[in-house]
Amino acid sequence: MMKKKIFLLFLIGVLGTAFICAGPPQAQAKPIKLTFSIFFPPTHAQAIAAMNFAKEVEKRTNGKVQITPFPGGTLTKAPMVYDGVVTGISDMGNSCFAYTRGRFPVMEVVDLPMGYPSGKVATLVANDFATSVNPKELQDVKVLYVHAHGPGLLHTKKPVRTLADLKGMKIRATGLSAKVVKALGGVPVAMPQGDTYESLQKGVVEGTFGPIEVLKGWKQGEVIKYTTDCSGVGYTTAMFVVMNLDKWNALPDDVKKVFDETAKEWVNVHGKAWDEADQEGRKFTLSLGNEIITLSDEENAKWRKAVEPIINQYAAKAPNGKANVAKVKELIEKYSK
């Protein structure tokens, strides 16, 4: 019995010495938790791309970063996403520059009706312009990347085959696309995509300008009958993915590097997703029996002439307007090759 007690005391002593030498257990480093406000509905291809960006950052940081996405405007509504990031309501945000008209005078150039051929080209142009020009208006956040949809087309409840058909029609539009509608003779009605389906359904508006992907992605093909392929004046809408500046500055350098590297790759992910979504939108609307109207060359020329003053006005009045227009035209040519 005595031997057993001596052995137990010896064992306790050994374990105690080991504990003292090893010191207290190291506390597990807490993950960096971030919130991500996304204006797209959760099933939209672009919401999925944005949420996959968050997952990829988590993966590449081995869980050091945990990002909780809030799609569908559940944390901040589309027009409030940018300011929500600036003020810290969310740590990250994804929405459209155009939803706060006049707030981003330099970035407005990307949305001009330049005749973008695809979502990939529009995305590469928008991101390249934002990063290379780095306008003052974007200095209150960390810009992770920018992307943009394919050519904005006209989707209506009654057919529009000529400019005369469009005259006086109430058309949903945002940002500079509202100027496009007005220049073409329509009456622009500002609203985010989330309100458009119901407004078309109830007759508040008679049509909407947007990429053809909205006919499936936002189900708007169910409440329109016609799409006018006016890609000659195809505008885009640039969209940001940004982070609160204080949150960014507080990140370790290795985490910043992961964000930057992943963001660079995700420009192409979004561009590809836009083009795939446009293809799906085209198939979806045709499956519903809707008609896609192709403008004649003569009519296309009339539409292009009608929107020229918008581009000229921007060039004359915006900060470095002329140079910005030239830059975007140069980038469209570069990425269209």
# chains A, B, ... in the order shown; residues from 1 in each chain; ligands from 1
$ residues_around --residues "A:Leu154" --least-positions-apart "3" --cutoff "6 Å" --atoms "only C-alpha atoms" --output "short mmCIF file (atom, residue, chain, number, x, y, z; two decimals) with C-alpha atoms, in the first residue's frame"
data_model
loop_
_atom_site.label_atom_id
_atom_site.label_comp_id
_atom_site.auth_asym_id
_atom_site.auth_seq_id
_atom_site.Cartn_x
_atom_site.Cartn_y
_atom_site.Cartn_z
CA THR A 208 -37.16 48.16 -67.89
CA PHE A 209 -33.60 48.63 -69.10
CA THR A 227 -36.93 42.52 -75.57
CA THR A 228 -35.53 45.11 -77.96
#
$ residues_around --residues "A:Arg60" --least-positions-apart "2" --cutoff "12 Å" --atoms "only C-alpha atoms" --output "list in words"
Phe53, Ala54, Lys55, Glu56, Val57, Glu58, Asn62, Gly63, Lys64, Val65, Gln66, Asp254, Val255, Lys256, Lys257, Val258, Phe259, Asp260, Glu261 and Thr262 of chain A
$ closest_residue --among "A:Arg172, A:Lys305, A:Lys283, A:Lys33" --to "A:Pro113" --atoms "only C-alpha atoms"
A:Lys305
$ residues_around --residues "A:Gly207" --least-positions-apart "2" --cutoff "6 Å" --atoms "only C-alpha atoms" --output "VMD selection string"
chain A and resid 155 to 156 171 205
$ write_last_selection --atoms "C-alpha atoms" --output "PDB file, in the first residue's frame"
ATOM      1  CA  HIS A 155     -37.532  44.823 -71.996  1.00  0.00           C
ATOM      2  CA  THR A 156     -41.170  45.884 -72.376  1.00  0.00           C
ATOM      3  CA  ILE A 171     -39.254  52.713 -68.208  1.00  0.00           C
ATOM      4  CA  VAL A 205     -43.767  50.944 -65.367  1.00  0.00           C
TER       5      VAL A 205
END
$ residues_around --residues "A:Glu333" --least-positions-apart "6" --cutoff "12 Å" --atoms "only C-alpha atoms" --output "PyMOL selection string"
chain A and resi 114-117+121-122+124-125+326-327
$ write_last_selection --atoms "C-alpha atoms" --output "compact mmCIF listing (two decimals), in the first residue's frame"
# COMPACT_ATOMS: atom_id res chain seq x y z
CA MET A 114 -20.73 52.80 -75.14
CA GLY A 115 -22.02 49.63 -76.82
CA TYR A 116 -20.49 47.00 -74.54
CA PRO A 117 -20.40 43.63 -76.35
CA VAL A 121 -15.69 42.90 -71.47
CA ALA A 122 -17.77 45.28 -69.32
CA LEU A 124 -12.75 43.87 -67.26
CA VAL A 125 -13.22 47.50 -68.37
CA ALA A 326 -11.22 58.12 -74.00
CA LYS A 327 -9.88 55.68 -71.39
$ residues_around --residues "stretch 234-236 of chain A" --least-positions-apart "2" --cutoff "7 Å" --atoms "only C-alpha atoms" --output "PyMOL selection string"
chain A and resi 111-116+122+148-153+230-232+238
$ write_last_selection --atoms "N, CA and C atoms" --output "PDB file, in the first residue's frame"
ATOM      1  N   ASP A 111     -20.684  53.502 -66.971  1.00  0.00           N
ATOM      2  CA  ASP A 111     -22.084  53.179 -67.257  1.00  0.00           C
ATOM      3  C   ASP A 111     -22.626  53.827 -68.530  1.00  0.00           C
ATOM      4  N   LEU A 112     -21.820  54.645 -69.181  1.00  0.00           N
ATOM      5  CA  LEU A 112     -22.294  55.320 -70.396  1.00  0.00           C
ATOM      6  C   LEU A 112     -22.648  54.313 -71.492  1.00  0.00           C
ATOM      7  N   PRO A 113     -23.576  54.678 -72.379  1.00  0.00           N
ATOM      8  CA  PRO A 113     -24.006  53.755 -73.453  1.00  0.00           C
ATOM      9  C   PRO A 113     -22.960  53.622 -74.556  1.00  0.00           C
ATOM     10  N   MET A 114     -21.883  52.919 -74.238  1.00  0.00           N
ATOM     11  CA  MET A 114     -20.733  52.797 -75.136  1.00  0.00           C
ATOM     12  C   MET A 114     -20.846  51.620 -76.111  1.00  0.00           C
ATOM     13  N   GLY A 115     -21.887  50.792 -75.941  1.00  0.00           N
ATOM     14  CA  GLY A 115     -22.019  49.633 -76.817  1.00  0.00           C
ATOM     15  C   GLY A 115     -21.174  48.459 -76.364  1.00  0.00           C
ATOM     16  N   TYR A 116     -21.249  48.132 -75.067  1.00  0.00           N
ATOM     17  CA  TYR A 116     -20.492  46.997 -74.537  1.00  0.00           C
ATOM     18  C   TYR A 116     -20.951  45.702 -75.203  1.00  0.00           C
ATOM     19  N   ALA A 122     -17.336  44.199 -70.213  1.00  0.00           N
ATOM     20  CA  ALA A 122     -17.770  45.285 -69.323  1.00  0.00           C
ATOM     21  C   ALA A 122     -17.104  45.158 -67.954  1.00  0.00           C
ATOM     22  N   ALA A 148     -19.281  44.254 -63.887  1.00  0.00           N
ATOM     23  CA  ALA A 148     -20.359  44.956 -64.596  1.00  0.00           C
ATOM     24  C   ALA A 148     -21.092  44.001 -65.528  1.00  0.00           C
ATOM     25  N   HIS A 149     -22.375  44.261 -65.706  1.00  0.00           N
ATOM     26  CA  HIS A 149     -23.203  43.354 -66.500  1.00  0.00           C
ATOM     27  C   HIS A 149     -23.036  43.556 -68.007  1.00  0.00           C
ATOM     28  N   GLY A 150     -23.560  42.611 -68.761  1.00  0.00           N
ATOM     29  CA  GLY A 150     -23.540  42.686 -70.220  1.00  0.00           C
ATOM     30  C   GLY A 150     -24.417  43.810 -70.724  1.00  0.00           C
ATOM     31  N   PRO A 151     -24.485  44.002 -72.046  1.00  0.00           N
ATOM     32  CA  PRO A 151     -25.186  45.163 -72.615  1.00  0.00           C
ATOM     33  C   PRO A 151     -26.613  45.299 -72.108  1.00  0.00           C
ATOM     34  N   GLY A 152     -26.933  46.494 -71.609  1.00  0.00           N
ATOM     35  CA  GLY A 152     -28.283  46.775 -71.141  1.00  0.00           C
ATOM     36  C   GLY A 152     -29.233  46.899 -72.323  1.00  0.00           C
ATOM     37  N   LEU A 153     -30.291  46.099 -72.299  1.00  0.00           N
ATOM     38  CA  LEU A 153     -31.277  46.090 -73.370  1.00  0.00           C
ATOM     39  C   LEU A 153     -32.629  46.536 -72.825  1.00  0.00           C
ATOM     40  N   CYS A 230     -31.078  46.414 -78.451  1.00  0.00           N
ATOM     41  CA  CYS A 230     -30.492  47.706 -78.830  1.00  0.00           C
ATOM     42  C   CYS A 230     -29.041  47.755 -78.363  1.00  0.00           C
ATOM     43  N   SER A 231     -28.290  46.682 -78.619  1.00  0.00           N
ATOM     44  CA  SER A 231     -26.924  46.567 -78.098  1.00  0.00           C
ATOM     45  C   SER A 231     -25.982  47.628 -78.661  1.00  0.00           C
ATOM     46  N   GLY A 232     -26.392  48.285 -79.740  1.00  0.00           N
ATOM     47  CA  GLY A 232     -25.587  49.389 -80.285  1.00  0.00           C
ATOM     48  C   GLY A 232     -25.423  50.523 -79.292  1.00  0.00           C
ATOM     49  N   ALA A 238     -21.854  49.383 -63.399  1.00  0.00           N
ATOM     50  CA  ALA A 238     -20.694  48.913 -62.635  1.00  0.00           C
ATOM     51  C   ALA A 238     -21.098  48.633 -61.189  1.00  0.00           C
TER      52      ALA A 238
END
$ select_by_dssp --residues "stretch 238-332 of chain A" --states "alpha helix (DSSP H)" --output "JSON, numbers by chain"
{"A": [245, 246, 247, 248, 249, 250, 253, 254, 255, 256, 257, 258, 259, 260, 261, 262, 263, 264, 265, 266, 267, 268, 269, 270, 271, 272, 273, 274, 275, 276, 277, 278, 279, 280, 281, 282, 283, 284, 285, 286, 287, 297, 298, 299, 300, 301, 302, 303, 304, 305, 306, 307, 308, 309, 310, 311, 312, 313, 314, 315, 316, 317, 321, 322, 323, 324, 325, 326, 327, 328, 329, 330, 331, 332]}
$ closest_residue --among "A:Gly321, A:Lys158, A:Met191, A:Lys182" --to "A:Asn290" --atoms "only C-alpha atoms"
A:Lys158
$ residues_around --residues "A:Lys77" --least-positions-apart "4" --cutoff "12 Å" --atoms "only C-alpha atoms" --output "PyMOL selection string"
chain A and resi 37-41+70-73+81-85+89-90+93-96+99-100+191-195
$ residues_around --residues "A:Lys272" --least-positions-apart "3" --cutoff "10 Å" --atoms "only C-alpha atoms" --output "PyMOL selection string"
chain A and resi 118-121+123+266-269+275-278
$ write_last_selection --atoms "C-alpha atoms" --output "mmCIF file, in the first residue's frame"
data_model
loop_
_atom_site.group_PDB
_atom_site.id
_atom_site.type_symbol
_atom_site.label_atom_id
_atom_site.label_comp_id
_atom_site.auth_asym_id
_atom_site.auth_seq_id
_atom_site.Cartn_x
_atom_site.Cartn_y
_atom_site.Cartn_z
ATOM 1 C CA SER A 118 -20.494 41.326 -73.295
ATOM 2 C CA GLY A 119 -20.469 41.067 -69.530
ATOM 3 C CA LYS A 120 -16.877 39.878 -69.514
ATOM 4 C CA VAL A 121 -15.692 42.904 -71.474
ATOM 5 C CA THR A 123 -16.374 43.692 -66.150
ATOM 6 C CA TRP A 266 -12.786 36.840 -59.088
ATOM 7 C CA VAL A 267 -13.045 39.613 -61.693
ATOM 8 C CA ASN A 268 -13.027 36.896 -64.348
ATOM 9 C CA VAL A 269 -15.373 34.711 -62.289
ATOM 10 C CA ASP A 275 -22.198 36.081 -69.860
ATOM 11 C CA GLU A 276 -23.549 32.700 -68.778
ATOM 12 C CA ALA A 277 -26.479 34.426 -67.067
ATOM 13 C CA ASP A 278 -27.221 36.428 -70.228
#
